file protein-v1.cif (mmCIF, C-alpha atoms)
data_protein
#
loop_
_atom_site.group_PDB
_atom_site.id
_atom_site.type_symbol
_atom_site.label_atom_id
_atom_site.label_comp_id
_atom_site.auth_asym_id
_atom_site.auth_seq_id
_atom_site.Cartn_x
_atom_site.Cartn_y
_atom_site.Cartn_z
ATOM 1 C CA MET P 239 128.456 161.914 -99.548
ATOM 2 C CA ASP P 240 127.800 164.572 -96.960
ATOM 3 C CA PRO P 241 126.925 167.819 -98.821
ATOM 4 C CA ASP P 242 127.964 169.949 -95.849
ATOM 5 C CA ARG P 243 131.461 168.484 -95.828
ATOM 6 C CA VAL P 244 134.209 171.087 -96.124
ATOM 7 C CA ASP P 245 136.743 170.262 -98.825
ATOM 8 C CA LEU P 246 139.961 169.795 -96.885
ATOM 9 C CA SER P 247 141.731 167.815 -99.601
ATOM 10 C CA ALA P 248 144.423 170.489 -99.866
ATOM 11 C CA LEU P 249 145.571 169.340 -96.450
ATOM 12 C CA ASP P 250 145.548 165.659 -97.381
ATOM 13 C CA PRO P 251 149.000 164.286 -96.510
ATOM 14 C CA SER P 252 148.617 161.433 -99.018
ATOM 15 C CA ARG P 253 148.122 163.656 -102.059
ATOM 16 C CA ASP P 254 151.418 162.291 -103.315
ATOM 17 C CA PRO P 255 150.684 158.535 -103.048
ATOM 18 C CA ALA P 256 154.255 157.375 -103.694
ATOM 19 C CA ARG P 257 155.647 159.651 -101.004
ATOM 20 C CA TRP P 258 152.904 158.639 -98.575
ATOM 21 C CA GLU P 259 153.425 154.939 -99.226
ATOM 22 C CA ALA P 260 157.139 155.337 -98.580
ATOM 23 C CA MET P 261 156.345 157.133 -95.331
ATOM 24 C CA VAL P 262 153.992 154.337 -94.214
ATOM 25 C CA ARG P 263 156.570 151.638 -94.922
ATOM 26 C CA ARG P 264 159.401 153.590 -93.325
ATOM 27 C CA THR P 265 157.362 154.333 -90.193
ATOM 28 C CA ALA P 266 156.289 150.695 -89.771
ATOM 29 C CA ALA P 267 159.844 149.424 -90.277
ATOM 30 C CA ARG P 268 161.319 151.919 -87.818
ATOM 31 C CA GLY P 269 158.604 151.234 -85.253
ATOM 32 C CA LEU P 270 159.140 147.496 -85.433
ATOM 33 C CA ALA P 271 162.929 147.869 -85.273
ATOM 34 C CA ARG P 272 162.616 150.065 -82.171
ATOM 35 C CA ARG P 273 160.230 147.531 -80.648
ATOM 36 C CA ARG P 274 162.657 144.653 -81.221
ATOM 37 C CA ALA P 275 165.525 146.657 -79.753
ATOM 38 C CA SER P 276 163.369 147.633 -76.794
ATOM 39 C CA VAL P 277 162.249 144.040 -76.099
ATOM 40 C CA ALA P 278 165.850 142.794 -76.332
ATOM 41 C CA SER P 279 167.075 145.478 -73.954
ATOM 42 C CA GLN P 280 164.260 144.680 -71.503
ATOM 43 C CA ILE P 281 165.246 141.015 -71.482
ATOM 44 C CA ALA P 282 168.880 142.000 -70.946
ATOM 45 C CA ALA P 283 167.901 144.399 -68.189
ATOM 46 C CA TRP P 284 165.870 141.721 -66.370
ATOM 47 C CA SER P 285 168.406 138.939 -66.842
ATOM 48 C CA ARG P 286 171.197 140.827 -65.057
ATOM 49 C CA PRO P 287 169.458 141.224 -61.664
ATOM 50 C CA ALA P 288 168.039 137.698 -61.949
ATOM 51 C CA LEU P 289 171.536 136.281 -62.429
ATOM 52 C CA ALA P 290 172.889 138.404 -59.584
ATOM 53 C CA LEU P 291 170.100 137.189 -57.287
ATOM 54 C CA ALA P 292 170.737 133.531 -58.188
ATOM 55 C CA ALA P 293 174.476 133.979 -57.550
ATOM 56 C CA GLY P 294 173.725 135.599 -54.160
ATOM 57 C CA VAL P 295 171.430 132.746 -53.117
ATOM 58 C CA ALA P 296 174.049 130.161 -54.167
ATOM 59 C CA LEU P 297 176.718 131.993 -52.173
ATOM 60 C CA VAL P 298 174.562 132.123 -49.036
ATOM 61 C CA VAL P 299 173.763 128.384 -49.267
ATOM 62 C CA TRP P 300 177.423 127.508 -49.861
ATOM 63 C CA THR P 301 178.759 129.587 -46.950
ATOM 64 C CA GLY P 302 176.020 128.148 -44.734
ATOM 65 C CA THR P 303 177.191 124.629 -45.547
ATOM 66 C CA LEU P 304 180.801 125.541 -44.789
ATOM 67 C CA ALA P 305 179.933 127.127 -41.477
ATOM 68 C CA TYR P 306 177.934 124.109 -40.230
ATOM 69 C CA THR P 307 179.724 121.931 -37.632
ATOM 70 C CA PRO P 308 177.760 119.298 -35.797
ATOM 71 C CA THR P 309 177.475 119.983 -32.064
ATOM 72 C CA ALA P 310 177.160 117.514 -29.268
ATOM 73 C CA GLU P 311 173.467 118.354 -28.861
ATOM 74 C CA SER P 312 172.691 117.722 -32.446
ATOM 75 C CA ASP P 313 174.890 114.571 -32.733
ATOM 76 C CA PRO P 314 173.431 111.524 -30.754
ATOM 77 C CA ALA P 315 176.613 109.451 -31.230
ATOM 78 C CA GLY P 316 178.690 112.206 -29.636
ATOM 79 C CA LYS P 317 176.280 112.400 -26.731
ATOM 80 C CA LEU P 318 176.453 108.632 -26.138
ATOM 81 C CA LEU P 319 180.263 108.747 -26.231
ATOM 82 C CA GLU P 320 180.221 111.605 -23.755
ATOM 83 C CA TRP P 321 178.008 109.591 -21.346
ATOM 84 C CA ALA P 322 180.257 106.532 -21.725
ATOM 85 C CA SER P 323 183.500 108.430 -21.145
ATOM 86 C CA THR P 324 182.254 110.345 -18.086
ATOM 87 C CA ASP P 325 180.600 107.298 -16.585
ATOM 88 C CA SER P 326 177.527 109.354 -15.897
ATOM 89 C CA SER P 327 173.982 107.999 -15.947
ATOM 90 C CA PRO P 328 171.699 110.175 -18.008
ATOM 91 C CA ALA P 329 168.103 110.731 -17.079
ATOM 92 C CA THR P 330 165.423 108.891 -19.055
ATOM 93 C CA SER P 331 164.204 112.141 -20.493
ATOM 94 C CA GLU P 332 167.746 112.881 -21.789
ATOM 95 C CA ILE P 333 167.979 109.459 -23.433
ATOM 96 C CA LEU P 334 164.560 109.876 -25.040
ATOM 97 C CA GLU P 335 165.440 113.378 -26.185
ATOM 98 C CA THR P 336 168.756 112.272 -27.698
ATOM 99 C CA LEU P 337 167.389 109.179 -29.405
ATOM 100 C CA GLY P 338 164.221 111.035 -30.337
ATOM 101 C CA SER P 339 166.213 113.787 -32.008
ATOM 102 C CA ARG P 340 168.122 111.143 -33.971
ATOM 103 C CA HIS P 341 164.867 109.580 -35.163
ATOM 104 C CA ALA P 342 163.451 112.979 -35.952
ATOM 105 C CA ALA P 343 166.540 113.812 -37.983
ATOM 106 C CA ARG P 344 165.935 110.799 -40.248
ATOM 107 C CA MET Q 143 154.169 134.766 -91.928
ATOM 108 C CA SER Q 144 151.077 135.678 -93.957
ATOM 109 C CA ALA Q 145 150.258 139.252 -94.903
ATOM 110 C CA ALA Q 146 147.754 140.946 -92.618
ATOM 111 C CA PRO Q 147 144.446 141.482 -94.433
ATOM 112 C CA PRO Q 148 143.467 145.160 -94.397
ATOM 113 C CA ASP Q 149 140.063 144.428 -92.826
ATOM 114 C CA LEU Q 150 141.419 142.453 -89.877
ATOM 115 C CA PRO Q 151 140.111 143.797 -86.518
ATOM 116 C CA VAL Q 152 142.493 146.236 -84.923
ATOM 117 C CA ALA Q 153 142.899 144.078 -81.795
ATOM 118 C CA MET Q 154 144.168 141.192 -83.926
ATOM 119 C CA LEU Q 155 146.573 143.472 -85.765
ATOM 120 C CA VAL Q 156 147.881 144.688 -82.409
ATOM 121 C CA ALA Q 157 148.314 141.105 -81.183
ATOM 122 C CA ARG Q 158 150.213 140.141 -84.320
ATOM 123 C CA ALA Q 159 152.349 143.283 -84.285
ATOM 124 C CA ARG Q 160 153.266 142.526 -80.670
ATOM 125 C CA ARG Q 161 154.692 139.218 -81.868
ATOM 126 C CA GLY Q 162 156.816 141.089 -84.415
ATOM 127 C CA ASP Q 163 154.603 140.568 -87.487
ATOM 128 C CA ALA Q 164 155.832 143.192 -89.977
ATOM 129 C CA GLU Q 165 152.682 143.051 -92.129
ATOM 130 C CA ALA Q 166 150.457 143.645 -89.120
ATOM 131 C CA ALA Q 167 152.617 146.591 -88.012
ATOM 132 C CA GLU Q 168 152.410 148.066 -91.500
ATOM 133 C CA ALA Q 169 148.639 147.544 -91.591
ATOM 134 C CA LEU Q 170 148.315 149.396 -88.278
ATOM 135 C CA VAL Q 171 150.372 152.290 -89.628
ATOM 136 C CA ARG Q 172 148.463 152.360 -92.927
ATOM 137 C CA ARG Q 173 145.134 152.389 -91.103
ATOM 138 C CA HIS Q 174 146.023 155.086 -88.576
ATOM 139 C CA LEU Q 175 148.759 157.371 -89.889
ATOM 140 C CA ARG Q 176 146.400 159.821 -91.613
ATOM 141 C CA ALA Q 177 144.267 160.166 -88.480
ATOM 142 C CA VAL Q 178 147.384 160.619 -86.382
ATOM 143 C CA TYR Q 179 148.509 163.320 -88.814
ATOM 144 C CA SER Q 180 145.113 165.048 -88.568
ATOM 145 C CA VAL Q 181 145.225 165.155 -84.776
ATOM 146 C CA ALA Q 182 148.790 166.482 -84.848
ATOM 147 C CA LEU Q 183 147.797 169.111 -87.424
ATOM 148 C CA ALA Q 184 144.831 170.163 -85.292
ATOM 149 C CA ILE Q 185 147.257 171.025 -82.501
ATOM 150 C CA VAL Q 186 150.483 172.241 -84.138
ATOM 151 C CA ARG Q 187 148.846 173.671 -87.314
ATOM 152 C CA ARG Q 188 151.915 173.121 -89.486
ATOM 153 C CA PRO Q 189 151.711 170.264 -91.983
ATOM 154 C CA ALA Q 190 155.455 169.537 -91.944
ATOM 155 C CA ASP Q 191 155.542 169.434 -88.146
ATOM 156 C CA ALA Q 192 152.378 167.342 -88.121
ATOM 157 C CA GLU Q 193 153.972 164.804 -90.461
ATOM 158 C CA ASP Q 194 157.043 164.514 -88.250
ATOM 159 C CA LEU Q 195 154.899 164.165 -85.143
ATOM 160 C CA ALA Q 196 152.672 161.594 -86.818
ATOM 161 C CA GLN Q 197 155.642 159.415 -87.715
ATOM 162 C CA ASP Q 198 157.320 159.804 -84.316
ATOM 163 C CA SER Q 199 154.100 159.034 -82.456
ATOM 164 C CA MET Q 200 153.385 155.988 -84.584
ATOM 165 C CA ILE Q 201 156.925 154.685 -84.031
ATOM 166 C CA ALA Q 202 156.623 155.283 -80.278
ATOM 167 C CA ALA Q 203 153.262 153.494 -80.229
ATOM 168 C CA LEU Q 204 154.697 150.440 -81.993
ATOM 169 C CA GLU Q 205 157.659 150.430 -79.630
ATOM 170 C CA LYS Q 206 155.510 150.405 -76.488
ATOM 171 C CA LEU Q 207 152.655 148.350 -77.901
ATOM 172 C CA ASP Q 208 152.648 146.169 -74.783
ATOM 173 C CA SER Q 209 151.394 149.084 -72.709
ATOM 174 C CA CYS Q 210 148.215 149.292 -74.817
ATOM 175 C CA ARG Q 211 146.025 147.434 -72.311
ATOM 176 C CA GLN Q 212 142.884 147.407 -74.455
ATOM 177 C CA PRO Q 213 143.969 146.494 -77.982
ATOM 178 C CA GLU Q 214 140.435 147.025 -79.275
ATOM 179 C CA ARG Q 215 140.839 150.677 -78.227
ATOM 180 C CA PHE Q 216 144.201 151.040 -79.953
ATOM 181 C CA SER Q 217 143.032 154.055 -81.971
ATOM 182 C CA ALA Q 218 142.055 156.067 -78.911
ATOM 183 C CA TRP Q 219 145.295 155.089 -77.152
ATOM 184 C CA LEU Q 220 147.363 156.075 -80.180
ATOM 185 C CA LEU Q 221 145.621 159.416 -80.646
ATOM 186 C CA GLN Q 222 146.231 160.244 -76.995
ATOM 187 C CA ILE Q 223 149.955 159.660 -77.570
ATOM 188 C CA VAL Q 224 150.013 162.051 -80.518
ATOM 189 C CA ARG Q 225 147.947 164.649 -78.639
ATOM 190 C CA ASN Q 226 150.435 164.657 -75.765
ATOM 191 C CA ARG Q 227 153.419 164.845 -78.097
ATOM 192 C CA ALA Q 228 151.863 167.589 -80.211
ATOM 193 C CA ARG Q 229 151.071 169.704 -77.142
ATOM 194 C CA ASN Q 230 154.640 169.307 -75.931
ATOM 195 C CA ALA Q 231 155.980 170.236 -79.362
ATOM 196 C CA LEU Q 232 153.745 173.300 -79.455
ATOM 197 C CA ASN Q 233 154.962 174.428 -76.025
ATOM 198 C CA VAL Q 234 158.594 174.005 -77.106
ATOM 199 C CA ARG Q 235 157.928 175.928 -80.314
ATOM 200 C CA ARG Q 236 156.289 178.793 -78.426
ATOM 201 C CA LEU Q 237 159.368 179.097 -76.252
ATOM 202 C CA ARG Q 238 161.824 178.958 -79.133
ATOM 203 C CA GLU Q 239 160.258 181.015 -81.879
ATOM 204 C CA PRO Q 240 159.794 184.779 -82.060
ATOM 205 C CA ALA Q 241 156.340 186.149 -81.468
ATOM 206 C CA ASP Q 242 155.761 187.273 -85.056
ATOM 207 C CA CYS Q 243 156.250 183.759 -86.382
ATOM 208 C CA ASP Q 244 154.771 182.167 -83.303
ATOM 209 C CA ASP Q 245 152.216 179.459 -83.355
ATOM 210 C CA THR Q 246 151.112 178.823 -86.865
ATOM 211 C CA LEU Q 247 151.561 178.860 -90.541
ATOM 212 C CA PRO Q 248 149.034 181.297 -91.770
ATOM 213 C CA ASP Q 249 151.401 184.219 -92.121
ATOM 214 C CA PRO Q 250 153.008 183.726 -95.548
ATOM 215 C CA SER Q 251 155.931 185.950 -94.644
ATOM 216 C CA CYS Q 252 157.027 183.321 -92.145
ATOM 217 C CA HIS Q 253 156.391 180.167 -94.126
ATOM 218 C CA ALA Q 254 155.866 181.317 -97.684
ATOM 219 C CA ASP Q 255 157.623 178.506 -99.488
ATOM 220 C CA ALA Q 256 155.850 175.596 -97.852
ATOM 221 C CA LEU Q 257 152.271 176.121 -98.810
ATOM 222 C CA ASP Q 258 150.142 176.666 -101.819
ATOM 223 C CA LEU Q 259 147.328 179.184 -101.646
ATOM 224 C CA SER Q 260 144.366 176.921 -100.910
ATOM 225 C CA ARG Q 261 146.315 175.094 -98.285
ATOM 226 C CA ALA Q 262 147.344 178.355 -96.652
ATOM 227 C CA GLN Q 263 143.760 179.607 -96.757
ATOM 228 C CA LEU Q 264 142.485 176.454 -95.115
ATOM 229 C CA LEU Q 265 145.148 176.619 -92.431
ATOM 230 C CA ARG Q 266 144.321 180.257 -91.723
ATOM 231 C CA ALA Q 267 140.639 179.365 -91.499
ATOM 232 C CA LEU Q 268 141.367 176.444 -89.172
ATOM 233 C CA GLU Q 269 143.237 178.861 -86.966
ATOM 234 C CA GLY Q 270 139.940 180.357 -85.786
ATOM 235 C CA LEU Q 271 138.699 177.051 -84.373
ATOM 236 C CA THR Q 272 139.330 175.493 -81.003
ATOM 237 C CA PRO Q 273 141.712 172.476 -80.952
ATOM 238 C CA THR Q 274 138.763 170.132 -80.387
ATOM 239 C CA GLN Q 275 136.800 171.655 -83.289
ATOM 240 C CA ARG Q 276 139.863 171.340 -85.522
ATOM 241 C CA GLU Q 277 140.338 167.723 -84.532
ATOM 242 C CA VAL Q 278 136.688 166.865 -85.111
ATOM 243 C CA VAL Q 279 136.468 168.563 -88.502
ATOM 244 C CA LEU Q 280 139.768 167.088 -89.716
ATOM 245 C CA LEU Q 281 138.892 163.569 -88.578
ATOM 246 C CA HIS Q 282 135.385 163.795 -90.031
ATOM 247 C CA ASP Q 283 135.840 165.747 -93.253
ATOM 248 C CA LEU Q 284 139.391 164.698 -94.141
ATOM 249 C CA GLU Q 285 139.628 161.210 -92.626
ATOM 250 C CA GLN Q 286 135.956 160.245 -93.081
ATOM 251 C CA TRP Q 287 135.700 159.074 -89.481
ATOM 252 C CA THR Q 288 132.193 158.576 -88.093
ATOM 253 C CA HIS Q 289 130.921 160.503 -85.101
ATOM 254 C CA ALA Q 290 131.017 157.273 -83.085
ATOM 255 C CA GLU Q 291 134.723 156.866 -83.831
ATOM 256 C CA ILE Q 292 135.484 160.518 -83.079
ATOM 257 C CA ALA Q 293 133.466 160.414 -79.856
ATOM 258 C CA ASN Q 294 135.327 157.282 -78.773
ATOM 259 C CA SER Q 295 138.695 158.836 -79.534
ATOM 260 C CA LEU Q 296 138.005 162.147 -77.836
ATOM 261 C CA GLU Q 297 135.957 160.624 -75.015
ATOM 262 C CA ILE Q 298 132.990 162.876 -75.744
ATOM 263 C CA SER Q 299 129.422 162.041 -76.707
ATOM 264 C CA GLU Q 300 128.363 161.654 -80.328
ATOM 265 C CA VAL Q 301 125.991 164.597 -79.887
ATOM 266 C CA ASN Q 302 128.930 166.663 -78.707
ATOM 267 C CA SER Q 303 130.957 165.558 -81.708
ATOM 268 C CA ARG Q 304 128.148 166.637 -84.049
ATOM 269 C CA GLN Q 305 127.947 170.013 -82.319
ATOM 270 C CA HIS Q 306 131.691 170.552 -82.669
ATOM 271 C CA LEU Q 307 131.518 169.640 -86.345
ATOM 272 C CA PHE Q 308 128.591 171.959 -86.993
ATOM 273 C CA GLN Q 309 130.323 174.898 -85.306
ATOM 274 C CA ALA Q 310 133.651 174.124 -86.967
ATOM 275 C CA ARG Q 311 132.152 173.980 -90.458
ATOM 276 C CA ARG Q 312 130.235 177.214 -89.939
ATOM 277 C CA ALA Q 313 133.336 179.029 -88.671
ATOM 278 C CA LEU Q 314 135.455 177.632 -91.502
ATOM 279 C CA ARG Q 315 132.971 178.720 -94.171
ATOM 280 C CA GLU Q 316 132.700 182.199 -92.715
ATOM 281 C CA ARG Q 317 136.471 182.604 -92.691
ATOM 282 C CA LEU Q 318 136.931 181.164 -96.181
ATOM 283 C CA ASP Q 319 134.150 183.411 -97.549
ATOM 284 C CA THR Q 320 135.758 186.430 -95.897
ATOM 285 C CA GLU Q 321 139.115 185.517 -97.457
ATOM 286 C CA ASP Q 322 137.494 185.078 -100.870
ATOM 287 C CA SER Q 323 135.723 188.446 -100.686
ATOM 288 C CA HIS Q 324 138.980 190.141 -99.675
ATOM 289 C CA GLY Q 325 140.857 188.342 -102.398
ATOM 290 C CA SER Q 326 138.443 189.145 -105.221
#
call {"tool": "encode", "arguments": {"input": "protein-v1.cif", "output": "structure tokens"}}
result
Amino acid sequence: MDPDRVDLSALDPSRDPARWEAMVRRTAARGLARRRASVASQIAAWSRPALALAAGVALVVWTGTLAYTPTAESDPAGKLLEWASTDSSPATSEILETLGSRHAAR
Amino acid sequence: MSAAPPDLPVAMLVARARRGDAEAAEALVRRHLRAVYSVALAIVRRPADAEDLAQDSMIAALEKLDSCRQPERFSAWLLQIVRNRARNALNVRRLREPADCDDTLPDPSCHADALDLSRAQLLRALEGLTPTQREVVLLHDLEQWTHAEIANSLEISEVNSRQHLFQARRALRERLDTEDSHGS
């Protein structure tokens, strides 16, 4: 025991042990309850923008699919039909490009 | 879930309390609430206010336990929370209360019913110390903290902590002796 110690026991908040014990239990319970509420609200707060983002991405993909219509350049069969109907003779490079693009698309 | 042993390292208690372990949370409160009260008292100098602040700070600390980045330094983190809250509370009180009752408890005409004589004498004597001296003497002589623990909490050297304690004790004794000689 330190002989120079000043007796501050009059300021001891736990002089009434029953009251102090109740305060400890109450504080811990309230702290934990606030923590649980806070964690739950954080999850809720994060889930909302995540859901909104996922819905946005799905919408963009869906509208992109709807808007897609195959063009003559991107459709080799259409190109071949076009050559046949117009009786034109395509250059070798055009044939290679058209057939090449078909193979590349596979 | 098993009860948290009282001698479990603070970092483990923090980890368990983060997972919602009620026993660990209670062990953290039991281990720190008196020190939190002492730091609050060193700043606001009113036991009732210090008790309220201690509870509120402890609850806030448990709520935002995830922001304690170094669980092994939980005590220092917690005491910084109560210091900030106590300083804010003191500023609010200074704005709200009239000058004659401002600041502290020592004047019995302002707070006569709350305190017994020895308590009031001690609080008046503490009034003459700096906030750091009050914190050091309360943590050391009331809470039995070591100088290493106090130095860690206040981010000062142990030598500095010893100096603060020496000066605080001397000032306290002088004031208490003066009160006794006036009283007798």
call {"tool": "closest_residue", "arguments": {"input": "protein-v1.cif", "among": "Q:Glu168, Q:Val234, Q:Arg304, Q:Glu277", "to": "His289 (chain Q)", "atoms": "all atoms listed in the file"}}
result
Q:Arg304
call {"tool": "resolve_selection", "arguments": {"input": "protein-v1.cif", "expression": "the PyMOL selection byres ((chain Q) within 7 of (chain P))", "output": "short mmCIF file (atom, residue, chain, number, x, y, z; two decimals) with C-alpha atoms, keeping the file's coordinate frame"}}
result
data_model
loop_
_atom_site.label_atom_id
_atom_site.label_comp_id
_atom_site.auth_asym_id
_atom_site.auth_seq_id
_atom_site.Cartn_x
_atom_site.Cartn_y
_atom_site.Cartn_z
CA GLY Q 162 156.82 141.09 -84.42
CA ALA Q 167 152.62 146.59 -88.01
CA GLU Q 168 152.41 148.07 -91.50
CA VAL Q 171 150.37 152.29 -89.63
CA ARG Q 172 148.46 152.36 -92.93
CA GLN Q 197 155.64 159.42 -87.72
CA ILE Q 201 156.93 154.68 -84.03
CA ALA Q 202 156.62 155.28 -80.28
CA LEU Q 204 154.70 150.44 -81.99
CA GLU Q 205 157.66 150.43 -79.63
CA LYS Q 206 155.51 150.40 -76.49
CA SER Q 260 144.37 176.92 -100.91
CA ARG Q 261 146.32 175.09 -98.28
CA ASP Q 283 135.84 165.75 -93.25
CA LEU Q 284 139.39 164.70 -94.14
CA ARG Q 311 132.15 173.98 -90.46
#
call {"tool": "atom_distance", "arguments": {"input": "protein-v1.cif", "atom1": "CA of Gln263 (chain Q)", "atom2": "CA of Leu318 (chain Q)"}}
result
7.0 Å
call {"tool": "resolve_selection", "arguments": {"input": "protein-v1.cif", "expression": "the PyMOL selection byres ((chain Q and resi 152) around 10)", "output": "count of residues only"}}
result
19
call {"tool": "atom_distance", "arguments": {"input": "protein-v1.cif", "atom1": "CA of Ile223 (chain Q)", "atom2": "CA of Val178 (chain Q)"}}
result
9.2 Å
call {"tool": "atom_distance", "arguments": {"input": "protein-v1.cif", "atom1": "CA of Arg211 (chain Q)", "atom2": "CA of Arg227 (chain Q)"}}
result
19.8 Å
call {"tool": "resolve_selection", "arguments": {"input": "protein-v1.cif", "expression": "the PyMOL selection byres ((chain Q and resi 279) around 12)", "output": "ChimeraX atom specification"}}
result
/P:242-246 /Q:177,180-181,183-184,264,267-268,271-278,280-289,292,303-314
call {"tool": "residues_around", "arguments": {"input": "protein-v1.cif", "residues": "region 293-299 of chain Q", "least_positions_apart": "2", "cutoff": "8 Å", "atoms": "only C-alpha atoms", "output": "PyMOL selection string"}}
result
chain Q and resi 217-219+221+289-291+301-303
